[in-house]
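> Below you'll find model_24.txt; it's compact mmCIF, C-alpha atoms.
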# COMPACT_ATOMS: atom_id res chain seq x y z
CA MET D 1 14.56 -3.61 -118.68
CA ASN D 2 12.64 -6.20 -116.79
CA LEU D 3 12.81 -9.61 -115.26
CA LEU D 4 12.00 -11.35 -118.52
CA VAL D 5 14.93 -9.71 -120.32
CA TRP D 6 17.34 -10.60 -117.54
CA THR D 7 16.07 -14.17 -117.40
CA ALA D 8 16.78 -14.35 -121.12
CA VAL D 9 20.28 -12.91 -120.56
CA VAL D 10 20.99 -15.71 -118.09
CA LEU D 11 19.66 -18.48 -120.33
CA ILE D 12 21.31 -17.16 -123.49
CA GLY D 13 24.59 -16.67 -121.64
CA GLY D 14 24.55 -20.28 -120.52
CA ALA D 15 23.71 -21.50 -124.01
CA GLY D 16 26.44 -19.36 -125.60
CA SER D 17 29.02 -20.83 -123.23
CA VAL D 18 27.94 -24.40 -124.01
CA LEU D 19 28.12 -23.64 -127.75
CA ARG D 20 31.65 -22.27 -127.27
CA PHE D 21 32.61 -25.49 -125.51
CA TYR D 22 31.36 -27.61 -128.41
CA ILE D 23 32.84 -25.49 -131.21
CA ASP D 24 36.18 -25.21 -129.41
CA GLY D 25 36.27 -28.95 -128.76
CA THR D 26 35.27 -29.85 -132.32
CA VAL D 27 37.87 -27.56 -133.93
CA ALA D 28 40.58 -28.64 -131.51
CA ALA D 29 39.80 -32.30 -132.14
CA ALA D 30 39.93 -31.81 -135.90
CA ALA D 31 42.96 -29.50 -136.08
CA GLY D 32 45.01 -30.82 -133.18
CA ARG D 33 46.02 -29.09 -130.00
CA ASP D 34 49.46 -27.77 -130.93
CA PHE D 35 47.98 -24.34 -131.48
CA PRO D 36 44.80 -23.01 -129.80
CA LEU D 37 42.78 -22.94 -133.01
CA GLY D 38 39.54 -23.80 -131.23
CA THR D 39 39.54 -20.55 -129.28
CA LEU D 40 40.60 -18.64 -132.38
CA ALA D 41 37.72 -20.12 -134.40
CA VAL D 42 35.23 -19.24 -131.67
CA ASN D 43 36.53 -15.70 -131.27
CA LEU D 44 36.76 -14.89 -134.98
CA SER D 45 33.30 -16.25 -135.76
CA GLY D 46 31.93 -14.33 -132.79
CA ALA D 47 33.62 -11.09 -133.88
CA LEU D 48 32.15 -11.54 -137.37
CA ILE D 49 28.64 -12.04 -136.01
CA LEU D 50 28.90 -9.12 -133.58
CA GLY D 51 30.18 -6.90 -136.39
CA LEU D 52 27.14 -7.93 -138.40
CA LEU D 53 24.83 -7.20 -135.48
CA THR D 54 26.46 -3.78 -135.06
CA GLY D 55 25.40 -2.95 -138.61
CA LEU D 56 21.78 -3.68 -137.78
CA THR D 57 19.51 -1.18 -136.10
CA LEU D 58 18.62 -3.12 -133.00
CA GLY D 59 16.59 -1.94 -130.07
CA HIS D 60 18.21 -1.77 -126.67
CA ASP D 61 16.93 -5.10 -125.41
CA GLN D 62 17.64 -6.83 -128.72
CA ALA D 63 21.23 -5.58 -128.69
CA LEU D 64 21.61 -6.70 -125.08
CA LEU D 65 20.34 -10.21 -125.82
CA ALA D 66 21.94 -10.83 -129.21
CA GLY D 67 25.19 -8.93 -128.72
CA THR D 68 26.09 -8.75 -125.05
CA ALA D 69 24.49 -12.02 -123.94
CA ALA D 70 24.71 -14.39 -126.93
CA VAL D 71 27.85 -13.40 -128.82
CA GLY D 72 29.53 -11.99 -125.71
CA SER D 73 29.25 -15.27 -123.82
CA TYR D 74 30.18 -17.31 -126.90
CA THR D 75 33.55 -15.56 -127.30
CA THR D 76 36.21 -15.49 -124.63
CA PHE D 77 39.09 -13.22 -123.73
CA SER D 78 40.26 -15.14 -120.67
CA THR D 79 40.97 -18.44 -122.45
CA TRP D 80 42.81 -16.57 -125.21
CA MET D 81 45.07 -15.02 -122.58
CA LEU D 82 45.49 -18.26 -120.63
CA GLU D 83 46.58 -20.18 -123.73
CA THR D 84 48.96 -17.35 -124.65
CA GLN D 85 50.53 -17.39 -121.19
CA ARG D 86 50.87 -21.20 -121.20
CA LEU D 87 52.50 -21.11 -124.66
CA THR D 88 54.99 -18.58 -123.25
CA GLU D 89 55.78 -20.93 -120.37
CA GLU D 90 56.50 -23.64 -122.93
CA ARG D 91 58.77 -21.13 -124.70
CA GLN D 92 56.72 -21.38 -127.91
CA PHE D 93 57.34 -17.73 -128.71
CA HIS D 94 56.50 -18.00 -132.38
CA LYS D 95 53.07 -19.39 -131.55
CA VAL D 96 52.60 -16.69 -128.91
CA THR D 97 53.21 -13.97 -131.48
CA VAL D 98 50.87 -15.60 -133.98
CA ASN D 99 48.18 -16.18 -131.36
CA VAL D 100 48.24 -12.62 -130.03
CA SER D 101 48.66 -10.63 -133.23
CA GLY D 102 46.62 -13.05 -135.35
CA SER D 103 43.64 -12.98 -133.00
CA LEU D 104 43.78 -9.22 -132.71
CA ILE D 105 44.22 -8.36 -136.38
CA LEU D 106 41.89 -11.04 -137.71
CA GLY D 107 39.41 -10.24 -134.94
CA VAL D 108 39.09 -6.59 -135.95
CA ALA D 109 39.03 -7.66 -139.60
CA ALA D 110 36.26 -10.18 -138.90
CA ALA D 111 34.21 -7.55 -137.07
CA ALA D 112 34.73 -5.12 -139.98
CA LEU D 113 33.78 -7.82 -142.46
CA GLY D 114 30.59 -8.56 -140.55
CA TYR D 115 29.76 -4.86 -140.51
CA LEU D 116 30.44 -4.54 -144.25
CA ILE D 117 28.39 -7.62 -145.09
CA ARG D 118 25.41 -5.96 -143.45
CA MET D 119 26.09 -2.62 -145.17
CA TYR D 120 26.40 -3.94 -148.71
CA LEU D 121 23.82 -6.69 -148.77
CA MET O 1 50.35 -29.27 -119.56
CA PRO O 2 47.38 -26.90 -119.72
CA ARG O 3 44.78 -27.68 -122.30
CA PRO O 4 41.68 -26.00 -123.67
CA PRO O 5 38.52 -26.42 -121.64
CA SER O 6 37.53 -29.60 -123.38
CA ALA O 7 40.63 -31.36 -122.09
CA ASP O 8 38.66 -32.23 -119.00
CA LEU O 9 36.47 -34.55 -121.01
CA ALA O 10 38.78 -37.46 -120.58
CA ALA O 11 39.41 -36.86 -116.93
CA PRO O 12 38.15 -39.57 -114.65
CA SER O 13 35.51 -38.38 -112.27
CA GLY O 14 35.73 -38.79 -108.56
CA PRO O 15 38.45 -37.84 -106.13
CA SER O 16 42.06 -38.61 -106.71
CA THR O 17 45.05 -37.93 -104.50
CA ALA O 18 47.49 -37.05 -107.29
CA ALA O 19 47.19 -33.89 -109.38
CA VAL O 20 48.71 -35.30 -112.55
CA PRO O 21 48.36 -33.80 -116.03
CA ARG O 22 45.68 -35.34 -118.19
CA HIS O 23 46.72 -36.38 -121.63
CA SER O 24 44.26 -38.68 -123.33
CA ALA O 25 41.90 -35.99 -124.68
CA ALA O 26 43.96 -35.43 -127.84
CA LYS O 27 42.80 -38.73 -129.30
CA ARG O 28 39.18 -37.71 -129.12
CA VAL O 29 37.56 -37.21 -132.51
CA LEU O 30 34.46 -35.33 -131.47
CA PRO O 31 33.87 -33.66 -128.14
CA ARG O 32 31.73 -35.67 -125.83
CA ALA O 33 30.48 -34.58 -122.49
CA ASP O 34 28.19 -35.86 -119.87
CA ARG O 35 25.09 -34.02 -118.87
CA ARG O 36 26.55 -32.86 -115.56
CA GLU O 37 29.50 -31.23 -117.29
CA ILE O 38 27.24 -29.40 -119.75
CA ALA O 39 25.03 -28.28 -116.87
CA ALA O 40 28.11 -26.94 -115.08
CA ILE O 41 29.21 -24.96 -118.15
CA PHE O 42 25.69 -23.64 -118.60
CA ALA O 43 25.39 -22.53 -114.96
CA GLY O 44 28.83 -20.89 -114.90
CA GLY O 45 28.30 -19.22 -118.25
CA ALA O 46 24.90 -17.91 -117.18
CA ALA O 47 26.37 -16.34 -114.02
CA GLY O 48 29.35 -14.84 -115.85
CA THR O 49 27.17 -13.40 -118.60
CA LEU O 50 24.74 -11.93 -116.08
CA ALA O 51 27.60 -10.15 -114.27
CA ARG O 52 29.07 -8.80 -117.51
CA ALA O 53 25.70 -7.67 -118.89
CA ALA O 54 24.75 -6.01 -115.59
CA LEU O 55 28.05 -4.14 -115.51
CA SER O 56 27.73 -2.94 -119.10
CA GLU O 57 24.16 -1.76 -118.39
CA ALA O 58 25.14 -0.03 -115.17
CA PHE O 59 28.09 1.80 -116.70
CA PRO O 60 27.26 2.68 -120.30
CA HIS O 61 30.22 4.34 -121.97
CA PRO O 62 30.23 6.76 -124.91
CA PRO O 63 31.78 5.31 -128.11
CA ALA O 64 34.80 7.60 -127.95
CA ALA O 65 35.67 6.71 -124.36
CA TRP O 66 37.68 3.93 -122.78
CA PRO O 67 35.38 0.87 -122.49
CA TRP O 68 35.84 0.32 -118.78
CA PRO O 69 33.12 -2.34 -118.33
CA THR O 70 34.59 -4.64 -121.00
CA PHE O 71 38.13 -3.96 -119.87
CA ALA O 72 37.29 -4.69 -116.24
CA VAL O 73 35.43 -7.97 -116.82
CA ASN O 74 38.14 -9.23 -119.17
CA ILE O 75 40.98 -8.60 -116.76
CA VAL O 76 39.06 -9.97 -113.76
CA ALA O 77 38.05 -13.05 -115.76
CA ALA O 78 41.65 -13.59 -116.87
CA PHE O 79 42.86 -13.45 -113.28
CA LEU O 80 40.16 -15.84 -112.10
CA LEU O 81 40.80 -18.28 -114.96
CA GLY O 82 44.53 -18.31 -114.25
CA TYR O 83 43.78 -18.97 -110.60
CA PHE O 84 41.16 -21.67 -111.15
CA VAL O 85 42.97 -23.57 -113.89
CA THR O 86 46.33 -23.62 -112.14
CA ARG O 87 44.78 -24.62 -108.86
CA LEU O 88 42.59 -27.31 -110.38
CA GLN O 89 45.35 -28.76 -112.53
CA GLU O 90 48.27 -28.52 -110.17
CA ARG O 91 46.92 -28.33 -106.63
CA LEU O 92 43.55 -29.93 -106.20
CA PRO O 93 42.38 -33.50 -106.77
CA LEU O 94 40.85 -34.17 -110.16
CA SER O 95 37.30 -33.00 -110.47
CA SER O 96 34.98 -33.45 -113.43
CA TYR O 97 32.82 -30.40 -112.95
CA ARG O 98 34.87 -27.61 -111.32
CA ARG O 99 36.79 -26.60 -114.41
CA PRO O 100 33.66 -26.59 -116.64
CA LEU O 101 31.77 -24.58 -114.02
CA LEU O 102 34.45 -22.06 -113.06
CA GLY O 103 36.71 -21.95 -116.11
CA THR O 104 34.75 -22.69 -119.27
CA GLY O 105 31.50 -21.38 -117.80
CA LEU O 106 32.09 -18.52 -115.37
CA CYS O 107 35.30 -17.03 -116.77
CA GLY O 108 34.34 -17.71 -120.38
CA GLY O 109 30.94 -16.10 -119.89
CA LEU O 110 32.36 -13.19 -117.92
CA SER O 111 35.01 -12.31 -120.47
CA THR O 112 34.35 -11.40 -124.07
CA PHE O 113 36.49 -11.13 -127.15
CA SER O 114 33.90 -10.03 -129.70
CA THR O 115 32.78 -6.91 -127.81
CA MET O 116 36.39 -5.84 -127.44
CA GLN O 117 37.02 -6.27 -131.17
CA VAL O 118 33.94 -4.27 -132.12
CA GLU O 119 34.96 -1.54 -129.66
CA ILE O 120 38.39 -1.39 -131.29
CA LEU O 121 36.75 -1.31 -134.72
CA LYS O 122 34.60 1.66 -133.67
CA MET O 123 37.67 3.50 -132.35
CA ILE O 124 39.45 2.87 -135.64
CA SER O 125 36.51 4.02 -137.74
CA ALA O 126 36.39 7.20 -135.61
CA HIS O 127 40.09 7.65 -136.53
CA ASP O 128 40.95 7.43 -132.86
CA TRP O 129 44.06 5.37 -133.54
CA GLY O 130 45.73 6.13 -130.25
CA LEU O 131 42.75 4.96 -128.24
CA ALA O 132 42.39 1.81 -130.37
CA ALA O 133 46.05 0.87 -130.03
CA GLY O 134 46.13 1.80 -126.36
CA TYR O 135 43.01 -0.21 -125.56
CA ALA O 136 44.24 -3.29 -127.45
CA ALA O 137 47.70 -3.11 -125.91
CA ALA O 138 46.40 -2.47 -122.39
CA SER O 139 43.89 -5.34 -122.60
CA ILE O 140 46.47 -7.85 -123.77
CA THR O 141 49.17 -6.65 -121.36
CA ALA O 142 46.86 -6.57 -118.34
CA GLY O 143 45.13 -9.83 -119.30
CA TYR O 144 48.44 -11.61 -119.69
CA ALA O 145 49.78 -10.14 -116.46
CA ALA O 146 46.62 -11.20 -114.62
CA ILE O 147 47.05 -14.84 -115.74
CA HIS O 148 50.73 -14.74 -114.89
CA LEU O 149 50.12 -13.26 -111.45
CA ALA O 150 47.32 -15.68 -110.56
CA THR O 151 49.39 -18.65 -111.72
CA ALA O 152 52.40 -17.53 -109.71
CA MET O 153 50.23 -16.99 -106.62
CA VAL O 154 48.86 -20.53 -106.78
CA ARG O 155 52.26 -22.10 -107.42
CA ARG O 156 53.89 -20.21 -104.56
CA VAL O 157 51.64 -21.98 -102.09
CA GLN O 158 53.02 -25.37 -101.21
CA VAL O 159 50.96 -28.45 -101.93
CA ARG O 160 49.24 -29.71 -98.82
CA ARG O 161 48.06 -33.23 -98.65
Any chance you could give the structure as structure tokens?

Amino acid sequence: MNLLVWTAVVLIGGAGSVLRFYIDGTVAAAAGRDFPLGTLAVNLSGALILGLLTGLTLGHDQALLAGTAAVGSYTTFSTWMLETQRLTEERQFHKVTVNVSGSLILGVAAAALGYLIRMYL
Amino acid sequence: MPRPPSADLAAPSGPSTAAVPRHSAAKRVLPRADRREIAAIFAGGAAGTLARAALSEAFPHPPAAWPWPTFAVNIVAAFLLGYFVTRLQERLPLSSYRRPLLGTGLCGGLSTFSTMQVEILKMISAHDWGLAAGYAAASITAGYAAIHLATAMVRRVQVRR
């Protein structure tokens, strides 16, 4: 744990957030904005990658940088919840159910898939 | 109507007296952003990530225990995002960099979905079904409630011009 590692955490965290912005915007532009697919795409891909990283034997600093900083900043819980709450305000209850349960179930499945990919390859 | 973070792309920069919903972003084919907006997301995301990483390092939790660091940052970030977005969209003049800095950057970097999913996966693989279900349900319930509360707080305050 030193200054270099924490500098890297800061830089990687910024980069992960910018990447999330681009992926979210690209998916939303392609798929439309009726359903928050951009956030879903970001979160599922991030869960897959973090699951894969979990299957690796990383050192402490490596896990901090790749997992906590990079993938952690790339995915977002707050936007997922905000979009869910706004869909509820618009009384789009079907989409709310799909967004909550879909993200959760597919998210755990994506993490498990990432872990399995690492185990069996 | 609230939009994903990229909805701000089409917002005109500079001050405006009316807080009207923005609507022209849907026609955009690929996301475009100016350098200042990207810099704002980068700065906010860097700060949020630093806070989350510092918290997870300061309070390491055993795999079988409730992941307090992740839970705490997610709920705090949800509250802040609900506050910022509602205030910026419905109360304050249009701004081209506040939402990228505070919403997309800070709250997005502070909160994390992937870590939560891997934590749930580990609980499941340890056959700790109750903890997994409880953690998932508590995160979603508290996160939703935090957004709802922050939104209601902002809307309760009358618009001052």
> What does the structure give for the distance between atom CA of Cys107 of chain O and atom CA of Thr57 of chain D, in Å to one decimal?
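Spanning atom CA of Cys107 of chain O to atom CA of Thr57 of chain D is a straight-line distance of 29.6 Å.
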> Residues near segment 78-82 of chain D, anyone? I mean within 9 Å using all atoms listed in the file, not counting same-chain ones fewer than 3 positions away, as a PyMOL selection string.
(chain D and resi 36+39-40+43+85-87+99-100+103) or (chain O and resi 2+4-5+74-82+85+103-104+107-108+110-113+140+143-144+146-148)
> Based on all atoms listed in the file, which of the residues in chain D come within 6 Å of chain O? I want them as a PyMOL selection string.
chain D and resi 10+13-14+17-18+25-26+29+46-47+72-73+75-78+81+107-108+111
> Could you please determine the separation between atom CA of Ala15 of chain D and atom CA of Leu58 of chain D in Å, to one decimal place?
21.1 Å
> One number please: atom CA of Gly32 of chain D to atom CA of His94 of chain D, in Å, one decimal.
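For atom CA of Gly32 of chain D relative to atom CA of His94 of chain D, the distance reads 17.2 Å.
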> Measuring atom to atom with all atoms listed in the file, identify which of D:Leu37, D:Leu64, D:Ile23, D:Leu56 is nearest to Ala8 of chain D.
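Ranking D:Leu37, D:Leu64, D:Ile23, D:Leu56 by distance to Ala8 of chain D, first place goes to D:Leu64.
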> I'd like the box whose edges run along x, y and z of the file and which contains every listed atom of segment 130-142 of chain O, padded by 6 Å per side; could you state its centre and edge lengths in Å, one decimal, as AutoDock Vina command-line options?

--center_x 45.8 --center_y -0.9 --center_z -124.4 --size_x 18.8 --size_y 26.0 --size_z 24.0
> Pick the closest to Tyr120 of chain D from D:Tyr74, D:Asp24, D:Gln92, D:Leu52: which is it, counting all atoms listed in the file?
D:Leu52
